[in-house]
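Enquirer: The structure under discussion is supplied below as structure tokens; questions concerning it will follow.
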Protein chains: 2
Amino acid sequence: MDKDIVQELIDRYVSVSFQVHKKAEYLIKGQIGDDLTNDQHYILRYIHDKKECTSTELADAFEVNKSAITAIINRMAERGLIQRTRDDNDRRVVYLTLTAEGNTLYETCQEKVQLLVESIITQFDEAEITAFITTYEKLAQILVNKKAEELGE
Amino acid sequence: MDKDIVQELIDRYVSVSFQVHKKAEYLIKGQIGDDLTNDQHYILRYIHDKKECTSTELADAFEVNKSAITAIINRMAERGLIQRTRDDNDRRVVYLTLTAEGNTLYETCQEKVQLLVESIITQFDEAEITAFITTYEKLAQILVNKKAEELGE
DNA sequence: GGTGAATAGTTAAACAGTTTAACTATATGA
DNA sequence: TCATATAGTTAAACTGTTTAACTATTCACC
């Protein structure tokens, strides 16, 4: 690729990814902000999808230290949204699951987020948005490899 | 669009945007984390590009309240990276500019981020990444409209 | 079987970023 | 001129984060 074109693409990408992220978080917060922070919603979504998970797994997925997860889970457990259960076979491990209340709140918030994302996605051609998401997924894979590569050095 | 397809696209989009954002922030932090937080880097970039801006403008661009900007700018001003100058015509207004030190630090960090983004972008076909960014920019515009629409209601 | 190293998670202190509400100072316009 | 709007700051309270030290448990291997 031509050097100038690459430079232009970098500038456009850095700029647009910043803008979309800030605006999207703002809009999501507008939907769920009275009930959950955006991070708490992501945590709820992760546990909901996996049914059950550990702090280590969350720390990995969220790219933060385990103590950051402990803090978030503490707050959510105090609110009765998440439950901790020790593994009987390996008593170091604590499984995190949603309580009934956590599940209900998740469903409510998720519905709002779905409607928001739907109202945006449907403004595109099916072909265009499909291609976009496919490339986006390739990008995610490249970032995973990049991280593995950096850790391997 | 078919309802099931829309649902699948929503799920894929929500999932991939979360992953890419977390991984990207992690990689950027790996590059600049000793010098600046990611938010501070974005602030530096914004002021660098505009040459001069106000707190209100930053609060708008970052989708946060002005007091959040005051806090960040305070820290960066204490470190000698940013300078405050009152407007003589309208003495309510404070212009923010980079100091020489702020500029130098920005350049150093920006170079590292550029190299990182370049190493990722160049793994794509020029056609694919151009189409991707173009759609991304459309998405940004839709979000701007969405926000305007919500405020207008 | 016992011991040293690794693993899972928590705690505490410190800090960055955020919101809300109250505040100062200045400008506008009726 | 006085009420209202605007730009920015302050203080308190909170969320999320890191680092370092800690507890409890498991595992490897001699």
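Please note that chains go A, B, ... in the order of the structure tokens, that every chain numbers its residues from 1, and that ligands are numbered from 1 in the order shown.
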Could you give me chain A least-squares fitted onto chain B (all C-alpha atoms, paired in order), as a PDB file with C-alpha atoms, in the first residue's frame?
Expert:
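File written: out.pdb
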```
ATOM      1  CA  MET A   1     -34.022  -7.166   6.267  1.00  0.00           C
ATOM      2  CA  ASP A   2     -35.008 -10.530   7.674  1.00  0.00           C
ATOM      3  CA  LYS A   3     -35.614 -10.482  11.418  1.00  0.00           C
ATOM      4  CA  ASP A   4     -33.247 -13.392  12.162  1.00  0.00           C
ATOM      5  CA  ILE A   5     -30.480 -11.860  10.099  1.00  0.00           C
ATOM      6  CA  VAL A   6     -30.859  -8.552  11.905  1.00  0.00           C
ATOM      7  CA  GLN A   7     -30.714 -10.371  15.227  1.00  0.00           C
ATOM      8  CA  GLU A   8     -27.561 -12.176  14.221  1.00  0.00           C
ATOM      9  CA  LEU A   9     -25.937  -8.946  13.028  1.00  0.00           C
ATOM     10  CA  ILE A  10     -26.790  -7.199  16.290  1.00  0.00           C
ATOM     11  CA  ASP A  11     -25.244  -9.979  18.353  1.00  0.00           C
ATOM     12  CA  ARG A  12     -22.129 -10.059  16.212  1.00  0.00           C
ATOM     13  CA  TYR A  13     -21.760  -6.293  16.279  1.00  0.00           C
ATOM     14  CA  VAL A  14     -22.226  -5.924  20.034  1.00  0.00           C
ATOM     15  CA  SER A  15     -19.774  -8.717  20.676  1.00  0.00           C
ATOM     16  CA  VAL A  16     -17.075  -7.634  18.231  1.00  0.00           C
ATOM     17  CA  SER A  17     -17.166  -3.944  19.093  1.00  0.00           C
ATOM     18  CA  PHE A  18     -16.680  -4.824  22.754  1.00  0.00           C
ATOM     19  CA  GLN A  19     -13.754  -7.111  21.996  1.00  0.00           C
ATOM     20  CA  VAL A  20     -12.006  -4.740  19.616  1.00  0.00           C
ATOM     21  CA  HIS A  21     -12.369  -1.830  21.990  1.00  0.00           C
ATOM     22  CA  LYS A  22     -10.946  -3.696  24.982  1.00  0.00           C
ATOM     23  CA  LYS A  23      -8.069  -5.199  23.012  1.00  0.00           C
ATOM     24  CA  ALA A  24      -7.225  -1.929  21.258  1.00  0.00           C
ATOM     25  CA  GLU A  25      -7.177   0.058  24.496  1.00  0.00           C
ATOM     26  CA  TYR A  26      -4.976  -2.615  26.022  1.00  0.00           C
ATOM     27  CA  LEU A  27      -2.492  -2.466  23.158  1.00  0.00           C
ATOM     28  CA  ILE A  28      -2.402   1.343  23.131  1.00  0.00           C
ATOM     29  CA  LYS A  29      -1.852   1.332  26.850  1.00  0.00           C
ATOM     30  CA  GLY A  30       1.041  -1.042  26.324  1.00  0.00           C
ATOM     31  CA  GLN A  31       2.612   1.581  24.051  1.00  0.00           C
ATOM     32  CA  ILE A  32       1.972   4.770  26.033  1.00  0.00           C
ATOM     33  CA  GLY A  33       0.931   3.574  29.487  1.00  0.00           C
ATOM     34  CA  ASP A  34       4.107   4.763  31.220  1.00  0.00           C
ATOM     35  CA  ASP A  35       3.532   8.350  30.108  1.00  0.00           C
ATOM     36  CA  LEU A  36      -0.200   8.935  29.734  1.00  0.00           C
ATOM     37  CA  THR A  37      -3.556   7.309  30.330  1.00  0.00           C
ATOM     38  CA  ASN A  38      -5.497   6.604  27.149  1.00  0.00           C
ATOM     39  CA  ASP A  39      -7.934   9.415  27.924  1.00  0.00           C
ATOM     40  CA  GLN A  40      -5.093  11.862  28.456  1.00  0.00           C
ATOM     41  CA  HIS A  41      -3.652  10.823  25.115  1.00  0.00           C
ATOM     42  CA  TYR A  42      -6.993  11.484  23.424  1.00  0.00           C
ATOM     43  CA  ILE A  43      -7.156  14.912  25.070  1.00  0.00           C
ATOM     44  CA  LEU A  44      -3.648  15.721  23.923  1.00  0.00           C
ATOM     45  CA  ARG A  45      -4.516  14.592  20.401  1.00  0.00           C
ATOM     46  CA  TYR A  46      -7.670  16.682  20.315  1.00  0.00           C
ATOM     47  CA  ILE A  47      -5.932  19.860  21.433  1.00  0.00           C
ATOM     48  CA  HIS A  48      -2.964  19.185  19.171  1.00  0.00           C
ATOM     49  CA  ASP A  49      -5.224  18.854  16.113  1.00  0.00           C
ATOM     50  CA  LYS A  50      -7.295  21.931  16.927  1.00  0.00           C
ATOM     51  CA  LYS A  51      -4.252  23.933  18.134  1.00  0.00           C
ATOM     52  CA  GLU A  52      -6.516  25.520  20.753  1.00  0.00           C
ATOM     53  CA  CYS A  53      -9.853  24.581  22.270  1.00  0.00           C
ATOM     54  CA  THR A  54     -12.167  25.104  25.237  1.00  0.00           C
ATOM     55  CA  SER A  55     -13.446  22.849  28.026  1.00  0.00           C
ATOM     56  CA  THR A  56     -16.947  23.009  26.631  1.00  0.00           C
ATOM     57  CA  GLU A  57     -15.722  21.776  23.266  1.00  0.00           C
ATOM     58  CA  LEU A  58     -13.841  18.889  24.895  1.00  0.00           C
ATOM     59  CA  ALA A  59     -16.815  17.976  27.072  1.00  0.00           C
ATOM     60  CA  ASP A  60     -18.886  17.820  23.912  1.00  0.00           C
ATOM     61  CA  ALA A  61     -16.409  15.707  21.973  1.00  0.00           C
ATOM     62  CA  PHE A  62     -15.853  13.313  24.879  1.00  0.00           C
ATOM     63  CA  GLU A  63     -19.553  13.115  25.833  1.00  0.00           C
ATOM     64  CA  VAL A  64     -18.892  13.978  29.468  1.00  0.00           C
ATOM     65  CA  ASN A  65     -19.720  16.873  31.781  1.00  0.00           C
ATOM     66  CA  LYS A  66     -17.469  19.878  31.902  1.00  0.00           C
ATOM     67  CA  SER A  67     -16.334  19.102  35.429  1.00  0.00           C
ATOM     68  CA  ALA A  68     -14.832  15.828  34.218  1.00  0.00           C
ATOM     69  CA  ILE A  69     -12.755  17.842  31.753  1.00  0.00           C
ATOM     70  CA  THR A  70     -11.699  20.276  34.474  1.00  0.00           C
ATOM     71  CA  ALA A  71     -10.346  17.355  36.515  1.00  0.00           C
ATOM     72  CA  ILE A  72      -8.344  15.910  33.623  1.00  0.00           C
ATOM     73  CA  ILE A  73      -7.002  19.297  32.528  1.00  0.00           C
ATOM     74  CA  ASN A  74      -5.994  20.101  36.118  1.00  0.00           C
ATOM     75  CA  ARG A  75      -3.813  17.008  36.270  1.00  0.00           C
ATOM     76  CA  MET A  76      -2.270  17.662  32.876  1.00  0.00           C
ATOM     77  CA  ALA A  77      -1.696  21.360  33.615  1.00  0.00           C
ATOM     78  CA  GLU A  78       0.035  20.429  36.885  1.00  0.00           C
ATOM     79  CA  ARG A  79       2.354  18.225  34.859  1.00  0.00           C
ATOM     80  CA  GLY A  80       3.052  21.156  32.555  1.00  0.00           C
ATOM     81  CA  LEU A  81       1.511  19.562  29.461  1.00  0.00           C
ATOM     82  CA  ILE A  82      -1.365  22.000  28.932  1.00  0.00           C
ATOM     83  CA  GLN A  83      -1.706  25.736  29.348  1.00  0.00           C
ATOM     84  CA  ARG A  84      -4.799  27.792  30.189  1.00  0.00           C
ATOM     85  CA  THR A  85      -5.265  31.260  28.681  1.00  0.00           C
ATOM     86  CA  ARG A  86      -8.256  33.525  29.288  1.00  0.00           C
ATOM     87  CA  ASP A  87      -9.934  35.165  26.319  1.00  0.00           C
ATOM     88  CA  ASP A  88      -9.617  38.950  26.612  1.00  0.00           C
ATOM     89  CA  ASN A  89     -12.829  39.615  24.689  1.00  0.00           C
ATOM     90  CA  ASP A  90     -14.979  37.139  26.622  1.00  0.00           C
ATOM     91  CA  ARG A  91     -13.413  36.620  30.002  1.00  0.00           C
ATOM     92  CA  ARG A  92     -15.570  33.587  30.781  1.00  0.00           C
ATOM     93  CA  VAL A  93     -13.715  31.578  28.140  1.00  0.00           C
ATOM     94  CA  VAL A  94     -10.472  29.707  28.828  1.00  0.00           C
ATOM     95  CA  TYR A  95      -8.415  28.491  25.885  1.00  0.00           C
ATOM     96  CA  LEU A  96      -6.458  25.284  26.263  1.00  0.00           C
ATOM     97  CA  THR A  97      -3.219  24.802  24.350  1.00  0.00           C
ATOM     98  CA  LEU A  98      -0.306  22.378  24.523  1.00  0.00           C
ATOM     99  CA  THR A  99       2.929  23.531  26.105  1.00  0.00           C
ATOM    100  CA  ALA A 100       6.186  22.678  24.323  1.00  0.00           C
ATOM    101  CA  GLU A 101       6.489  19.745  26.705  1.00  0.00           C
ATOM    102  CA  GLY A 102       2.935  18.642  25.963  1.00  0.00           C
ATOM    103  CA  ASN A 103       3.644  18.784  22.264  1.00  0.00           C
ATOM    104  CA  THR A 104       6.787  16.711  22.579  1.00  0.00           C
ATOM    105  CA  LEU A 105       5.105  14.074  24.685  1.00  0.00           C
ATOM    106  CA  TYR A 106       2.198  13.966  22.265  1.00  0.00           C
ATOM    107  CA  GLU A 107       4.498  13.436  19.281  1.00  0.00           C
ATOM    108  CA  THR A 108       6.324  10.622  21.062  1.00  0.00           C
ATOM    109  CA  CYS A 109       3.142   8.820  22.039  1.00  0.00           C
ATOM    110  CA  GLN A 110       1.420   9.454  18.741  1.00  0.00           C
ATOM    111  CA  GLU A 111       4.330   7.918  16.857  1.00  0.00           C
ATOM    112  CA  LYS A 112       3.994   4.728  18.876  1.00  0.00           C
ATOM    113  CA  VAL A 113       0.237   4.586  18.332  1.00  0.00           C
ATOM    114  CA  GLN A 114       0.668   5.218  14.602  1.00  0.00           C
ATOM    115  CA  LEU A 115       3.101   2.330  14.299  1.00  0.00           C
ATOM    116  CA  LEU A 116       0.716   0.088  16.165  1.00  0.00           C
ATOM    117  CA  VAL A 117      -2.289   1.020  14.023  1.00  0.00           C
ATOM    118  CA  GLU A 118      -0.197   0.802  10.856  1.00  0.00           C
ATOM    119  CA  SER A 119       0.930  -2.721  11.710  1.00  0.00           C
ATOM    120  CA  ILE A 120      -2.710  -3.687  11.973  1.00  0.00           C
ATOM    121  CA  ILE A 121      -4.196  -1.792   9.032  1.00  0.00           C
ATOM    122  CA  THR A 122      -1.612  -3.068   6.598  1.00  0.00           C
ATOM    123  CA  GLN A 123      -2.753  -6.628   7.247  1.00  0.00           C
ATOM    124  CA  PHE A 124      -5.876  -5.873   5.215  1.00  0.00           C
ATOM    125  CA  ASP A 125      -6.470  -5.369   1.499  1.00  0.00           C
ATOM    126  CA  GLU A 126      -6.583  -1.701   0.683  1.00  0.00           C
ATOM    127  CA  ALA A 127     -10.090  -2.137  -0.761  1.00  0.00           C
ATOM    128  CA  GLU A 128     -11.363  -3.983   2.287  1.00  0.00           C
ATOM    129  CA  ILE A 129     -10.015  -1.586   4.869  1.00  0.00           C
ATOM    130  CA  THR A 130     -11.127   1.447   2.869  1.00  0.00           C
ATOM    131  CA  ALA A 131     -14.671   0.089   2.623  1.00  0.00           C
ATOM    132  CA  PHE A 132     -14.585  -0.736   6.327  1.00  0.00           C
ATOM    133  CA  ILE A 133     -13.545   2.747   7.386  1.00  0.00           C
ATOM    134  CA  THR A 134     -16.051   4.336   5.013  1.00  0.00           C
ATOM    135  CA  THR A 135     -18.896   2.368   6.592  1.00  0.00           C
ATOM    136  CA  TYR A 136     -17.468   3.149  10.028  1.00  0.00           C
ATOM    137  CA  GLU A 137     -17.665   6.855   9.184  1.00  0.00           C
ATOM    138  CA  LYS A 138     -21.283   6.459   8.064  1.00  0.00           C
ATOM    139  CA  LEU A 139     -21.971   4.805  11.410  1.00  0.00           C
ATOM    140  CA  ALA A 140     -20.389   7.759  13.211  1.00  0.00           C
ATOM    141  CA  GLN A 141     -22.693  10.099  11.296  1.00  0.00           C
ATOM    142  CA  ILE A 142     -25.746   8.014  12.159  1.00  0.00           C
ATOM    143  CA  LEU A 143     -24.812   8.194  15.837  1.00  0.00           C
ATOM    144  CA  VAL A 144     -24.458  11.960  15.628  1.00  0.00           C
ATOM    145  CA  ASN A 145     -27.939  12.160  14.080  1.00  0.00           C
ATOM    146  CA  LYS A 146     -29.310   9.743  16.655  1.00  0.00           C
ATOM    147  CA  LYS A 147     -28.085  11.926  19.474  1.00  0.00           C
ATOM    148  CA  ALA A 148     -29.469  15.092  17.874  1.00  0.00           C
ATOM    149  CA  GLU A 149     -32.790  13.299  17.411  1.00  0.00           C
ATOM    150  CA  GLU A 150     -32.905  12.195  21.055  1.00  0.00           C
ATOM    151  CA  LEU A 151     -32.099  15.682  22.285  1.00  0.00           C
ATOM    152  CA  GLY A 152     -34.711  17.184  19.954  1.00  0.00           C
ATOM    153  CA  GLU A 153     -37.562  15.088  21.355  1.00  0.00           C
TER     154      GLU A 153
END
```
Enquirer: DSSP on the backbone: what in chain A comes out strand (DSSP E or B), as a list in words?
Expert: Cys53, Ile82, Gln83, Arg84, Thr85, Arg86, Val94, Tyr95, Leu96, Thr97 and Leu98 of chain A
Enquirer: Residues of chain C within 8 Å of chain B, counting only C-alpha atoms (C1' of nucleotides), what are they? List them as a list in words.
Expert: DG17, DT18, DT19, DA25, DT26 and DA27 of chain C
Enquirer: Keeping only N, CA and C atoms (P, O5', C5', C4', C3', O3' and C1' of nucleotides), write those residues as a tab-separated table (two decimals), in the first residue's frame.
Expert:
```tsv
chain	number	residue	atom	x	y	z
C	17	DG	P	-7.58	10.24	33.46
C	17	DG	O5'	-9.14	10.03	33.68
C	17	DG	C5'	-9.72	8.80	33.35
C	17	DG	C4'	-11.17	8.81	33.79
C	17	DG	C3'	-11.98	10.02	33.31
C	17	DG	O3'	-13.10	9.51	32.59
C	17	DG	C1'	-12.38	9.57	35.59
C	18	DT	P	-14.09	10.42	31.76
C	18	DT	O5'	-15.35	10.61	32.71
C	18	DT	C5'	-16.22	9.50	32.93
C	18	DT	C4'	-17.13	9.78	34.09
C	18	DT	C3'	-17.91	11.10	34.03
C	18	DT	O3'	-19.09	10.92	33.29
C	18	DT	C1'	-17.23	10.49	36.26
C	19	DT	P	-20.17	12.11	33.14
C	19	DT	O5'	-20.86	12.13	34.57
C	19	DT	C5'	-21.51	10.95	35.05
C	19	DT	C4'	-22.29	11.30	36.30
C	19	DT	C3'	-23.21	12.51	36.12
C	19	DT	O3'	-24.48	12.21	36.66
C	19	DT	C1'	-21.72	12.87	37.94
C	25	DA	P	-15.81	35.75	42.10
C	25	DA	O5'	-15.87	35.93	40.54
C	25	DA	C5'	-15.12	35.06	39.70
C	25	DA	C4'	-15.54	35.27	38.28
C	25	DA	C3'	-15.80	36.74	37.91
C	25	DA	O3'	-14.99	37.04	36.80
C	25	DA	C1'	-17.56	35.35	37.16
C	26	DT	P	-14.80	38.50	36.26
C	26	DT	O5'	-15.72	38.47	34.96
C	26	DT	C5'	-15.44	37.48	33.98
C	26	DT	C4'	-16.63	37.35	33.09
C	26	DT	C3'	-17.05	38.64	32.40
C	26	DT	O3'	-16.66	38.53	31.05
C	26	DT	C1'	-18.90	37.29	33.06
C	27	DA	P	-16.98	39.69	29.98
C	27	DA	O5'	-18.40	39.28	29.41
C	27	DA	C5'	-18.50	38.08	28.65
C	27	DA	C4'	-19.93	37.87	28.20
C	27	DA	C3'	-20.52	39.00	27.34
C	27	DA	O3'	-21.08	38.38	26.22
C	27	DA	C1'	-21.97	38.47	29.13
```
Enquirer: Can you tell me how far atom C1' of C:DC15 sits from atom C1' of D:DT17, in Å to one decimal?
Expert: 8.3 Å
Enquirer: Run DSSP on the backbone of this structure and report the residues of stretch 8-133 of chain B it assigns to helix (DSSP H, G or I), as a ChimeraX atom specification.
Expert: /B:8-32,38-50,55-62,66-78,100-121,126-133
Enquirer: Using C-alpha atoms, can you export the residues from the last selection as a compact mmCIF listing (two decimals), in the first residue's frame?
Expert:
```
# COMPACT_ATOMS: atom_id res chain seq x y z
CA GLU B 8 -27.56 -12.16 14.24
CA LEU B 9 -25.94 -8.94 13.03
CA ILE B 10 -26.81 -7.18 16.29
CA ASP B 11 -25.26 -9.96 18.36
CA ARG B 12 -22.14 -10.04 16.22
CA TYR B 13 -21.77 -6.28 16.28
CA VAL B 14 -22.25 -5.91 20.04
CA SER B 15 -19.79 -8.69 20.68
CA VAL B 16 -17.09 -7.62 18.24
CA SER B 17 -17.18 -3.94 19.10
CA PHE B 18 -16.69 -4.80 22.77
CA GLN B 19 -13.77 -7.11 22.00
CA VAL B 20 -12.02 -4.75 19.64
CA HIS B 21 -12.37 -1.82 21.98
CA LYS B 22 -10.96 -3.69 24.99
CA LYS B 23 -8.09 -5.20 23.03
CA ALA B 24 -7.24 -1.94 21.27
CA GLU B 25 -7.19 0.05 24.50
CA TYR B 26 -4.99 -2.61 26.03
CA LEU B 27 -2.50 -2.47 23.15
CA ILE B 28 -2.42 1.33 23.12
CA LYS B 29 -1.84 1.33 26.84
CA GLY B 30 1.04 -1.05 26.30
CA GLN B 31 2.60 1.58 24.04
CA ILE B 32 1.97 4.78 26.01
CA ASN B 38 -5.50 6.61 27.14
CA ASP B 39 -7.93 9.42 27.92
CA GLN B 40 -5.09 11.87 28.45
CA HIS B 41 -3.65 10.83 25.11
CA TYR B 42 -7.00 11.50 23.41
CA ILE B 43 -7.18 14.91 25.07
CA LEU B 44 -3.66 15.73 23.91
CA ARG B 45 -4.53 14.60 20.38
CA TYR B 46 -7.68 16.69 20.32
CA ILE B 47 -5.95 19.88 21.43
CA HIS B 48 -2.97 19.20 19.16
CA ASP B 49 -5.24 18.86 16.11
CA LYS B 50 -7.31 21.95 16.93
CA SER B 55 -13.44 22.85 28.04
CA THR B 56 -16.96 23.03 26.67
CA GLU B 57 -15.73 21.81 23.29
CA LEU B 58 -13.86 18.91 24.90
CA ALA B 59 -16.83 17.98 27.07
CA ASP B 60 -18.91 17.84 23.92
CA ALA B 61 -16.42 15.73 21.98
CA PHE B 62 -15.87 13.32 24.88
CA LYS B 66 -17.46 19.88 31.91
CA SER B 67 -16.33 19.09 35.44
CA ALA B 68 -14.84 15.83 34.22
CA ILE B 69 -12.75 17.83 31.77
CA THR B 70 -11.69 20.27 34.49
CA ALA B 71 -10.34 17.34 36.51
CA ILE B 72 -8.33 15.91 33.62
CA ILE B 73 -7.00 19.29 32.53
CA ASN B 74 -5.98 20.10 36.12
CA ARG B 75 -3.79 17.01 36.25
CA MET B 76 -2.25 17.66 32.87
CA ALA B 77 -1.68 21.35 33.60
CA GLU B 78 0.05 20.44 36.87
CA ALA B 100 6.17 22.69 24.29
CA GLU B 101 6.49 19.76 26.67
CA GLY B 102 2.94 18.66 25.94
CA ASN B 103 3.63 18.80 22.24
CA THR B 104 6.79 16.72 22.54
CA LEU B 105 5.10 14.08 24.66
CA TYR B 106 2.18 13.97 22.25
CA GLU B 107 4.49 13.44 19.29
CA THR B 108 6.32 10.62 21.04
CA CYS B 109 3.14 8.82 22.01
CA GLN B 110 1.41 9.45 18.73
CA GLU B 111 4.33 7.91 16.85
CA LYS B 112 3.99 4.71 18.85
CA VAL B 113 0.24 4.56 18.33
CA GLN B 114 0.68 5.20 14.60
CA LEU B 115 3.10 2.30 14.30
CA LEU B 116 0.70 0.05 16.17
CA VAL B 117 -2.29 0.99 14.03
CA GLU B 118 -0.20 0.76 10.87
CA SER B 119 0.95 -2.76 11.71
CA ILE B 120 -2.72 -3.74 11.98
CA ILE B 121 -4.20 -1.84 9.04
CA GLU B 126 -6.56 -1.75 0.69
CA ALA B 127 -10.07 -2.18 -0.77
CA GLU B 128 -11.36 -4.01 2.29
CA ILE B 129 -10.00 -1.61 4.88
CA THR B 130 -11.11 1.42 2.86
CA ALA B 131 -14.65 0.06 2.61
CA PHE B 132 -14.57 -0.75 6.33
CA ILE B 133 -13.53 2.72 7.37
```
Enquirer: May I have the residues of chain D within 12 Å of chain B, counting only C-alpha atoms (C1' of nucleotides), written as a PyMOL selection string?
Expert: chain D and resi 6-11+17-18
Enquirer: Neighbouring residues of C:DA13 were defined as those with any atom within 12 Å, considering only C-alpha atoms (C1' of nucleotides); residues of the same chain fewer than 4 positions away were excluded. Please report them as an NGL selection string.
Expert: :D and (18-21)
